[in-house]
$ cat query30.txt   # compact mmCIF, C-alpha atoms and all ligand atoms
# COMPACT_ATOMS: atom_id res chain seq x y z
CA MET G 1 0.00 0.00 0.00
CA ILE G 2 1.13 3.52 -0.89
CA LEU G 3 0.22 6.67 1.04
CA LEU G 4 0.18 9.94 -0.85
CA THR G 5 -0.27 13.40 0.68
CA GLY G 6 -1.44 16.40 -1.36
CA GLY G 7 -3.54 14.24 -3.69
CA SER G 8 -5.99 17.08 -4.32
CA GLY G 9 -3.17 19.31 -5.65
CA LEU G 10 -1.48 19.71 -9.02
CA VAL G 11 1.41 17.29 -8.46
CA GLY G 12 -0.49 14.84 -6.25
CA SER G 13 -3.41 14.41 -8.64
CA HIS G 14 -1.07 13.54 -11.52
CA LEU G 15 0.82 11.11 -9.33
CA ILE G 16 -2.33 9.36 -8.07
CA TYR G 17 -3.46 9.10 -11.68
CA ASP G 18 -0.19 7.40 -12.74
CA LEU G 19 -0.05 5.13 -9.69
CA THR G 20 -3.64 3.91 -10.07
CA ALA G 21 -3.14 3.54 -13.85
CA SER G 22 -0.37 1.06 -13.16
CA GLY G 23 -2.50 -0.88 -10.69
CA GLU G 24 -0.95 0.33 -7.42
CA ARG G 25 -3.09 0.43 -4.27
CA VAL G 26 -3.17 4.05 -3.19
CA ARG G 27 -4.41 5.63 0.01
CA ALA G 28 -4.60 9.40 -0.29
CA LEU G 29 -4.64 11.79 2.65
CA LYS G 30 -7.06 14.66 2.19
CA ARG G 31 -8.48 17.34 4.41
CA LYS G 32 -12.21 17.56 5.11
CA SER G 33 -12.22 20.74 2.98
CA SER G 34 -10.21 19.27 0.07
CA ARG G 35 -11.89 19.48 -3.34
CA LEU G 36 -11.86 16.19 -5.20
CA ASP G 37 -13.94 17.35 -8.17
CA ILE G 38 -10.88 18.78 -9.94
CA VAL G 39 -8.93 15.56 -9.31
CA LYS G 40 -11.78 13.68 -10.94
CA LYS G 41 -11.75 16.11 -13.87
CA ILE G 42 -8.03 15.50 -14.31
CA PHE G 43 -8.69 11.74 -14.36
CA ARG G 44 -11.41 12.31 -16.97
CA TRP G 45 -9.05 14.46 -19.05
CA TYR G 46 -6.48 11.66 -19.25
CA ASN G 47 -8.85 8.69 -19.32
CA PRO G 48 -12.25 9.77 -20.72
CA THR G 49 -13.78 6.28 -20.82
CA GLY G 50 -12.39 4.58 -17.72
CA TYR G 51 -11.86 7.47 -15.30
CA GLU G 52 -14.70 6.66 -12.92
CA GLU G 53 -13.58 3.11 -12.30
CA GLN G 54 -9.97 4.29 -11.88
CA PHE G 55 -10.96 7.10 -9.48
CA GLU G 56 -13.00 4.68 -7.35
CA LYS G 57 -9.84 2.67 -6.65
CA ILE G 58 -8.38 5.47 -4.52
CA GLU G 59 -8.84 5.06 -0.76
CA TRP G 60 -9.31 8.65 0.48
CA VAL G 61 -8.69 9.19 4.20
CA ASP G 62 -9.26 12.39 6.15
CA GLY G 63 -6.26 13.86 7.92
CA ASP G 64 -3.87 16.75 8.10
CA ILE G 65 -0.09 16.84 8.09
CA SER G 66 -0.24 19.02 11.20
CA ASP G 67 -2.09 16.21 13.01
CA ILE G 68 0.31 13.37 13.83
CA ILE G 69 -2.45 11.04 15.05
CA SER G 70 -4.20 11.20 11.67
CA LEU G 71 -0.85 10.48 9.99
CA ARG G 72 -0.11 7.41 12.09
CA GLU G 73 -3.60 6.12 11.39
CA ALA G 74 -3.21 6.75 7.63
CA LEU G 75 0.15 4.94 7.60
CA LYS G 76 -1.15 1.60 8.88
CA GLY G 77 0.01 -1.09 6.45
CA VAL G 78 1.81 1.42 4.21
CA LYS G 79 5.22 0.64 2.68
CA LYS G 80 5.82 3.65 0.45
CA VAL G 81 4.99 7.33 0.97
CA PHE G 82 4.84 10.18 -1.56
CA HIS G 83 4.74 13.56 0.19
CA CYS G 84 3.22 16.23 -2.08
CA ALA G 85 1.24 18.25 0.49
CA ALA G 86 2.47 21.78 1.08
CA VAL G 87 1.41 25.39 1.09
CA VAL G 88 2.60 27.24 -2.02
CA SER G 89 2.21 30.94 -1.30
CA PHE G 90 4.00 34.26 -1.71
CA ILE G 91 1.46 36.27 0.26
CA PRO G 92 3.07 37.87 3.34
CA SER G 93 0.11 37.19 5.67
CA GLU G 94 0.34 33.44 4.89
CA ARG G 95 4.04 33.12 5.83
CA PRO G 96 3.68 31.81 9.43
CA TRP G 97 1.10 29.24 8.38
CA MET G 98 3.20 28.17 5.35
CA LEU G 99 6.37 27.75 7.46
CA LYS G 100 4.42 25.68 9.98
CA ILE G 101 2.71 23.38 7.48
CA ASN G 102 5.71 22.89 5.22
CA ILE G 103 8.35 22.36 7.91
CA GLU G 104 6.46 21.00 10.92
CA GLY G 105 4.03 19.06 8.73
CA THR G 106 6.95 17.35 6.96
CA ALA G 107 8.62 16.64 10.33
CA ASN G 108 5.37 15.06 11.57
CA LEU G 109 5.11 12.85 8.50
CA VAL G 110 8.78 11.81 8.67
CA ASN G 111 8.40 10.94 12.37
CA ALA G 112 5.22 8.97 11.75
CA CYS G 113 6.95 7.08 8.88
CA LEU G 114 9.86 6.18 11.19
CA LEU G 115 7.43 4.96 13.86
CA GLU G 116 5.34 2.93 11.40
CA GLY G 117 8.36 1.34 9.66
CA VAL G 118 7.77 2.82 6.18
CA GLU G 119 10.24 1.38 3.64
CA LYS G 120 10.74 4.37 1.34
CA PHE G 121 9.73 8.04 1.31
CA CYS G 122 9.62 10.36 -1.71
CA HIS G 123 9.54 14.05 -0.88
CA CYS G 124 8.41 16.70 -3.34
CA SER G 125 10.69 19.66 -2.70
CA SER G 126 11.40 22.49 -5.16
CA ILE G 127 14.20 24.24 -7.05
CA SER G 128 13.67 26.98 -4.46
CA ALA G 129 15.36 24.67 -1.91
CA VAL G 130 18.49 24.31 -4.08
CA GLY G 131 21.39 26.76 -3.68
CA ARG G 132 22.19 29.55 -6.14
CA PRO G 133 25.64 30.17 -7.65
CA ASP G 134 27.73 33.13 -6.45
CA THR G 135 28.44 33.95 -10.09
CA GLY G 136 26.70 32.87 -13.27
CA THR G 137 23.22 31.42 -13.70
CA TRP G 138 23.70 27.63 -13.82
CA VAL G 139 22.11 25.63 -10.96
CA ASP G 140 22.62 21.95 -10.17
CA GLU G 141 22.11 19.70 -7.12
CA SER G 142 25.62 20.31 -5.76
CA LEU G 143 24.94 23.94 -4.82
CA ILE G 144 24.39 24.56 -1.11
CA TRP G 145 21.34 26.61 -0.08
CA LYS G 146 22.49 29.64 1.90
CA THR G 147 20.63 31.98 4.21
CA SER G 148 20.09 35.23 2.33
CA ARG G 149 17.72 38.19 2.30
CA LYS G 150 16.98 37.20 -1.30
CA ASN G 151 15.33 33.91 -0.23
CA SER G 152 11.54 33.93 -0.32
CA TYR G 153 9.65 32.55 2.67
CA TYR G 154 8.44 29.77 0.37
CA SER G 155 12.07 28.91 -0.32
CA ILE G 156 12.87 28.97 3.43
CA SER G 157 9.90 26.67 4.10
CA LYS G 158 10.92 24.22 1.36
CA PHE G 159 14.54 24.15 2.54
CA GLY G 160 13.35 23.60 6.13
CA ALA G 161 11.12 20.75 4.96
CA GLU G 162 14.02 19.12 3.11
CA ARG G 163 16.14 19.32 6.26
CA GLU G 164 13.47 17.34 8.09
CA VAL G 165 13.59 14.69 5.35
CA TRP G 166 17.40 14.46 5.56
CA ARG G 167 17.08 14.20 9.35
CA GLY G 168 14.68 11.29 8.80
CA SER G 169 17.23 9.66 6.52
CA GLU G 170 19.87 9.98 9.28
CA GLU G 171 17.39 8.24 11.59
CA GLY G 172 16.95 5.30 9.21
CA LEU G 173 14.27 6.26 6.68
CA ASN G 174 15.09 5.56 3.00
CA VAL G 175 14.39 8.81 1.20
CA VAL G 176 14.50 10.29 -2.26
CA ILE G 177 13.84 13.95 -3.01
CA VAL G 178 12.72 15.70 -6.18
CA ASN G 179 13.27 19.40 -6.77
CA PRO G 180 10.89 20.34 -9.61
CA SER G 181 11.09 23.65 -11.45
CA VAL G 182 7.87 25.59 -12.17
CA ILE G 183 5.23 22.97 -12.98
CA ILE G 184 2.88 23.36 -15.95
CA GLY G 185 -0.19 21.14 -16.03
CA PRO G 186 -3.95 20.76 -15.51
CA GLY G 187 -5.14 21.64 -12.02
CA ASP G 188 -7.18 24.12 -10.04
CA PRO G 189 -6.82 27.28 -12.17
CA TYR G 190 -6.67 29.48 -9.06
CA ARG G 191 -4.00 27.59 -7.19
CA SER G 192 -0.26 26.99 -7.19
CA SER G 193 1.51 27.35 -10.56
CA ALA G 194 -1.73 26.76 -12.52
CA ARG G 195 -2.47 30.39 -11.62
CA LEU G 196 0.26 31.43 -14.08
CA PHE G 197 -1.82 29.99 -16.89
CA THR G 198 -5.02 31.64 -15.68
CA THR G 199 -3.32 35.01 -15.29
CA VAL G 200 -2.05 34.99 -18.89
CA LYS G 201 -5.39 33.67 -20.15
CA ASN G 202 -7.20 36.48 -18.36
CA GLY G 203 -5.19 39.09 -20.27
CA LEU G 204 -1.93 39.75 -18.41
CA ARG G 205 -0.38 42.88 -19.94
CA PHE G 206 3.10 42.87 -18.39
CA TYR G 207 5.96 40.46 -18.79
CA SER G 208 9.00 40.30 -16.53
CA THR G 209 12.61 40.09 -17.67
CA GLY G 210 13.61 36.94 -15.78
CA ALA G 211 14.07 33.31 -16.76
CA THR G 212 13.70 30.01 -14.94
CA GLY G 213 13.05 26.29 -15.45
CA PHE G 214 9.69 24.76 -16.33
CA VAL G 215 8.47 21.16 -16.35
CA ASP G 216 5.33 19.24 -17.33
CA ALA G 217 3.30 17.91 -14.34
CA ARG G 218 3.23 14.48 -16.02
CA ASP G 219 7.03 14.33 -15.97
CA VAL G 220 7.24 15.27 -12.29
CA SER G 221 4.89 12.39 -11.55
CA LYS G 222 6.87 10.03 -13.79
CA ALA G 223 10.15 10.98 -12.11
CA MET G 224 8.73 10.46 -8.59
CA LYS G 225 7.18 7.12 -9.49
CA GLU G 226 10.35 5.80 -11.15
CA LEU G 227 12.62 6.96 -8.34
CA MET G 228 10.50 4.95 -5.90
CA GLU G 229 10.60 1.86 -8.13
CA LYS G 230 14.38 1.95 -8.57
CA ASP G 231 16.98 1.03 -6.03
CA ILE G 232 17.89 4.69 -5.43
CA VAL G 233 17.97 6.13 -1.91
CA ASN G 234 19.23 9.27 -0.19
CA GLU G 235 19.54 11.28 -3.39
CA ARG G 236 17.96 14.51 -4.60
CA TYR G 237 17.14 15.38 -8.19
CA ILE G 238 16.31 18.59 -10.00
CA VAL G 239 13.32 17.79 -12.25
CA ASN G 240 13.33 20.31 -15.07
CA SER G 241 12.48 20.16 -18.74
CA GLU G 242 13.44 23.51 -20.24
CA ASN G 243 14.91 26.82 -19.14
CA MET G 244 13.22 29.82 -20.73
CA SER G 245 12.29 33.43 -20.14
CA TYR G 246 8.92 34.31 -18.64
CA LYS G 247 8.30 36.30 -21.81
CA ALA G 248 8.72 33.18 -23.98
CA LEU G 249 6.52 31.14 -21.62
CA PHE G 250 3.78 33.78 -21.53
CA GLU G 251 3.80 34.02 -25.32
CA MET G 252 3.50 30.25 -25.57
CA ILE G 253 0.60 30.12 -23.09
CA ALA G 254 -1.13 33.03 -24.84
CA ARG G 255 -0.84 31.24 -28.20
CA HIS G 256 -2.37 28.04 -26.79
CA ALA G 257 -5.07 29.93 -24.88
CA ARG G 258 -5.75 32.05 -28.00
CA VAL G 259 -5.33 35.37 -26.20
CA LYS G 260 -2.99 38.34 -26.78
CA PRO G 261 0.42 37.86 -25.12
CA PRO G 262 1.63 40.40 -22.53
CA PHE G 263 3.26 43.31 -24.34
CA PHE G 264 4.61 45.75 -21.67
CA LYS G 265 8.05 44.98 -20.33
CA ALA G 266 8.13 45.20 -16.52
CA GLY G 267 11.84 45.37 -15.69
CA PRO G 268 13.18 45.47 -12.13
CA LEU G 269 12.38 49.18 -11.60
CA LEU G 270 8.76 48.97 -12.73
CA SER G 271 8.28 45.73 -10.78
CA GLU G 272 9.63 47.36 -7.60
CA ALA G 273 7.08 50.15 -8.00
CA ALA G 274 4.30 47.68 -8.83
CA TRP G 275 4.63 45.48 -5.73
CA ARG G 276 4.66 48.54 -3.48
CA LEU G 277 1.48 49.87 -5.09
CA GLU G 278 -0.10 46.43 -4.79
CA LYS G 279 0.81 46.34 -1.10
CA VAL G 280 -1.02 49.62 -0.51
CA ARG G 281 -4.01 48.41 -2.54
CA SER G 282 -4.19 45.15 -0.60
CA ILE G 283 -4.06 46.99 2.77
CA VAL G 284 -6.78 49.42 1.70
CA THR G 285 -9.07 46.78 0.15
CA GLY G 286 -8.23 43.91 2.51
CA SER G 287 -7.65 41.59 -0.47
CA ASN G 288 -4.57 39.53 -1.30
CA PRO G 289 -1.90 41.33 -3.36
CA LEU G 290 -1.55 40.20 -6.99
CA ILE G 291 2.20 40.90 -6.94
CA THR G 292 4.42 40.76 -3.87
CA ARG G 293 8.05 41.76 -3.34
CA GLU G 294 8.99 38.07 -3.60
CA THR G 295 7.12 37.34 -6.83
CA ALA G 296 8.34 40.59 -8.45
CA ARG G 297 11.97 39.84 -7.62
CA SER G 298 11.87 36.19 -8.60
CA ALA G 299 10.14 37.04 -11.92
CA ASN G 300 13.10 39.28 -12.77
CA SER G 301 15.86 36.91 -11.69
CA ASN G 302 17.58 34.69 -14.20
CA PHE G 303 18.64 31.09 -13.48
CA GLN G 304 18.96 27.90 -15.48
CA PHE G 305 18.51 24.47 -13.95
CA SER G 306 20.41 21.33 -14.88
CA ASN G 307 18.45 18.10 -15.39
CA GLU G 308 21.60 16.10 -16.15
CA LYS G 309 21.51 13.98 -12.98
CA ILE G 310 17.94 12.70 -13.39
CA VAL G 311 18.32 12.19 -17.15
CA GLN G 312 21.42 10.11 -16.49
CA ASP G 313 20.10 8.06 -13.53
CA LEU G 314 16.58 7.39 -14.86
CA ASN G 315 17.23 7.74 -18.59
CA LEU G 316 14.24 10.09 -18.47
CA SER G 317 13.15 12.09 -21.50
CA PHE G 318 11.12 15.21 -20.81
CA ARG G 319 8.10 16.51 -22.66
CA THR G 320 8.61 19.98 -24.11
CA ILE G 321 6.96 22.98 -22.44
CA GLU G 322 5.07 23.47 -25.70
CA GLU G 323 3.44 20.05 -25.04
CA ALA G 324 2.77 21.02 -21.41
CA ALA G 325 1.13 24.30 -22.46
CA HIS G 326 -0.95 22.50 -25.11
CA ASN G 327 -2.14 19.90 -22.57
CA THR G 328 -3.00 22.52 -19.95
CA ALA G 329 -4.79 24.80 -22.41
CA GLY G 330 -6.86 21.85 -23.65
CA PHE G 331 -7.86 20.94 -20.10
CA PHE G 332 -8.93 24.48 -19.20
CA GLU G 333 -10.79 24.89 -22.48
CA MET G 334 -12.70 21.63 -22.11
CA PHE G 335 -13.91 22.49 -18.64
CA ALA G 336 -14.60 26.14 -19.39
CA GLU G 337 -17.08 24.83 -21.96
CA GLU G 338 -18.84 22.86 -19.22
CA GLY G 339 -19.11 25.91 -16.98
CA LYS G 340 -16.62 27.46 -14.62
CA VAL G 341 -14.20 24.99 -13.01
CA ARG G 342 -14.70 26.95 -9.82
N1 LIG J 1 3.47 23.93 -8.62
C1 LIG J 1 4.77 24.17 -8.82
O1 LIG J 1 5.19 24.90 -9.73
C2 LIG J 1 5.79 23.50 -7.92
C3 LIG J 1 7.13 23.58 -8.29
C4 LIG J 1 8.08 22.94 -7.51
C5 LIG J 1 7.69 22.24 -6.39
N2 LIG J 1 6.39 22.18 -6.03
C6 LIG J 1 6.02 21.43 -4.83
O2 LIG J 1 5.12 20.41 -5.22
C7 LIG J 1 4.30 20.06 -4.10
C8 LIG J 1 2.85 20.09 -4.54
O3 LIG J 1 2.53 21.41 -5.01
P1 LIG J 1 1.28 21.68 -5.92
O4 LIG J 1 1.69 22.60 -6.99
O5 LIG J 1 0.62 20.39 -6.24
O6 LIG J 1 0.39 22.51 -4.88
P2 LIG J 1 -1.20 22.58 -4.74
O7 LIG J 1 -1.85 22.32 -6.04
O8 LIG J 1 -1.46 23.87 -4.05
O9 LIG J 1 -1.53 21.37 -3.75
C9 LIG J 1 -1.15 21.39 -2.41
C10 LIG J 1 -1.68 20.15 -1.75
O10 LIG J 1 -1.26 20.14 -0.37
C11 LIG J 1 -2.40 19.87 0.43
N3 LIG J 1 -2.25 20.44 1.77
C12 LIG J 1 -1.98 21.72 2.10
N4 LIG J 1 -1.94 21.86 3.43
C13 LIG J 1 -2.18 20.63 3.96
C14 LIG J 1 -2.27 20.12 5.28
N5 LIG J 1 -2.12 20.91 6.34
N6 LIG J 1 -2.53 18.80 5.45
C15 LIG J 1 -2.71 17.98 4.38
N7 LIG J 1 -2.64 18.41 3.11
C16 LIG J 1 -2.38 19.72 2.90
C17 LIG J 1 -3.54 20.51 -0.32
O11 LIG J 1 -4.78 20.03 0.16
P3 LIG J 1 -6.15 20.88 0.04
O12 LIG J 1 -6.70 20.56 -1.31
O13 LIG J 1 -6.98 20.38 1.15
O14 LIG J 1 -5.79 22.33 0.19
C18 LIG J 1 -3.21 20.07 -1.73
O15 LIG J 1 -3.60 18.73 -1.93
C19 LIG J 1 4.62 21.09 -3.01
O16 LIG J 1 5.53 20.50 -2.12
C20 LIG J 1 5.29 22.21 -3.77
O17 LIG J 1 6.18 22.92 -2.95
C21 LIG J 1 5.40 22.80 -6.78
$ encode --input "query30.txt" --output "structure tokens"
Amino acid sequence: MILLTGGSGLVGSHLIYDLTASGERVRALKRKSSRLDIVKKIFRWYNPTGYEEQFEKIEWVDGDISDIISLREALKGVKKVFHCAAVVSFIPSERPWMLKINIEGTANLVNACLLEGVEKFCHCSSISAVGRPDTGTWVDESLIWKTSRKNSYYSISKFGAEREVWRGSEEGLNVVIVNPSVIIGPGDPYRSSARLFTTVKNGLRFYSTGATGFVDARDVSKAMKELMEKDIVNERYIVNSENMSYKALFEMIARHARVKPPFFKAGPLLSEAAWRLEKVRSIVTGSNPLITRETARSANSNFQFSNEKIVQDLNLSFRTIEEAAHNTAGFFEMFAEEGKVR
């Protein structure tokens, strides 16, 4: 039996789909408030004729990664764990909650796995938990994450979570960690990286000057699944398909969503002004800011991520981001025709 956390999210839903498609028995931890309708829609998108039967095979259990009792209960009889639950947020008011869920929640799960004798644990981390070079733009797994004012709170939370996983490995848990770049794939259009797609589709006018790595959600799932099947332990892998500018990505999304691409360049100076204005607007209106200092700065930074290690160890070939954008646009279009996804 496999336990998966975060099954109602972008990564988790793709992973449950792949695991159930290959006949694995999957128990998925969800919260009472978790929405499973989008997971079902994702199943339908990939398997239009057999999705209901496949979806029924999942054993959903209620729990929370901040509640160790629910974790121990969910782990009964489980041999392998995929940990995809986390808070992905750049909103300042959500920082304390995000740090708690991502770091303490991971510690709780690692401890429960040690107590319940789990055989192998796959943790979904992020490129934000990998170090950055002092000079140049090339990033691989060997770089050490350093404390810096430039780190976002999300990055701090993901690095803290990884430390808990490495601590678990010191205490005897077999672990493997993936560090995906920005994930493109079908999901809740108002959540996590799927929001990028929605923002461009809704007529984003500005593009930033930065560049980063992007990867198809299906390839993140494939990498996690294969790493757990192979005899690989205590390793971490950057999971990235292509490095490209945000401008190129936005143009690609706009083409697939059949909307106009963003046309105003928002360089560092304009972005600095924009997040400050957004901060004032969010205080006055009480709503969440659309741009924050962290998102503005990261959208103007420029890094490239190596996928050499995972390509070599798994012989993995990645889908292009063009394919990822096509798949995601198709999903959103199909469900927009059936009425709003949310
Ligand atoms: N999306 C990206 O571009 C990206 C890139 C690199 C790494 N990652 C990592 O990939 C993982 C999955 O991200 P995602 O994009 O799939 O995010 P997502 O779509 O926002 O999904 C997050 C999942 O975590 C669950 N969750 C949150 N708090 C929880 C709690 N206290 N207890 C139990 N479950 C909880 C959510 O459940 P509810 O449905 O109940 O809220 C949801 O299933 C995260 O570790 C993230 O850091 C994401």
$ residues_around --input "query30.txt" --residues "Ser89 in chain G" --least-positions-apart "3" --cutoff "8 Å" --atoms "all atoms listed in the file" --output "list in words"
Glu94, Arg95, Met98, Tyr154 and Ser192 of chain G
$ atom_distance --input "query30.txt" --atom1 "CA of Thr147 in chain G" --atom2 "CA of Cys122 in chain G"
25.0 Å
$ closest_residue --input "query30.txt" --among "G:Ala74, G:Ile232, G:Val220, G:Leu314" --to "Thr5 in chain G" --atoms "all atoms listed in the file"
G:Ala74
$ atom_distance --input "query30.txt" --atom1 "atom O12 of ligand LIG 1 (chain J)" --atom2 "CA of Tyr153 in chain G"
20.7 Å
$ atom_distance --input "query30.txt" --atom1 "CA of Glu242 in chain G" --atom2 "atom C19 of ligand LIG 1 (chain J)"
19.5 Å
$ residues_near_ligand --input "query30.txt" --ligand "ligand LIG 1 (chain J)" --cutoff "6 Å" --atoms "all atoms listed in the file" --output "VMD selection string"
chain G and resid 6 to 12 30 to 31 33 to 35 64 to 66 84 to 88 101 124 to 126 180 to 183 191 to 193
$ closest_residue --input "query30.txt" --among "G:Lys222, G:Glu171, G:Phe214, G:Pro268" --to "Gly117 in chain G" --atoms "all atoms listed in the file"
G:Glu171
$ closest_residue --input "query30.txt" --among "G:Ala223, G:Ala329, G:Ile144, G:Ile238" --to "Arg258 in chain G" --atoms "only C-alpha atoms"
G:Ala329
$ axis_aligned_box --input "query30.txt" --around "range 1-7 of chain G" --padding-each-side "3 Å" --output "AutoDock Vina command-line options"
--center_x -1.2 --center_y 8.2 --center_z -1.3 --size_x 10.7 --size_y 22.4 --size_z 10.7
$ residues_around --input "query30.txt" --residues "Ile91 in chain G" --least-positions-apart "2" --cutoff "9 Å" --atoms "all atoms listed in the file" --output "PyMOL selection string"
chain G and resi 89+93-95+288-292+294
$ residues_around --input "query30.txt" --residues "Gly136 in chain G" --least-positions-apart "2" --cutoff "12 Å" --atoms "all atoms listed in the file" --output "number ranges by chain"
G: 132-134, 138-139, 301-305
$ closest_residue --input "query30.txt" --among "G:Leu109, G:Ala21, G:Val233, G:Leu269" --to "Val175 in chain G" --atoms "all atoms listed in the file"
G:Val233
$ residues_near_point --input "query30.txt" --point "(2.3, 31.7, -14.9)" --cutoff "12 Å" --atoms "all atoms listed in the file" --output "PyMOL selection string"
chain G and resi 182-185+189-204+206-208+212+214+245-254+262+295+299+325+328
$ closest_residue --input "query30.txt" --among "G:Ala112, G:Met224, G:Ile127, G:Val165" --to "Asp18 in chain G" --atoms "all atoms listed in the file"
G:Met224
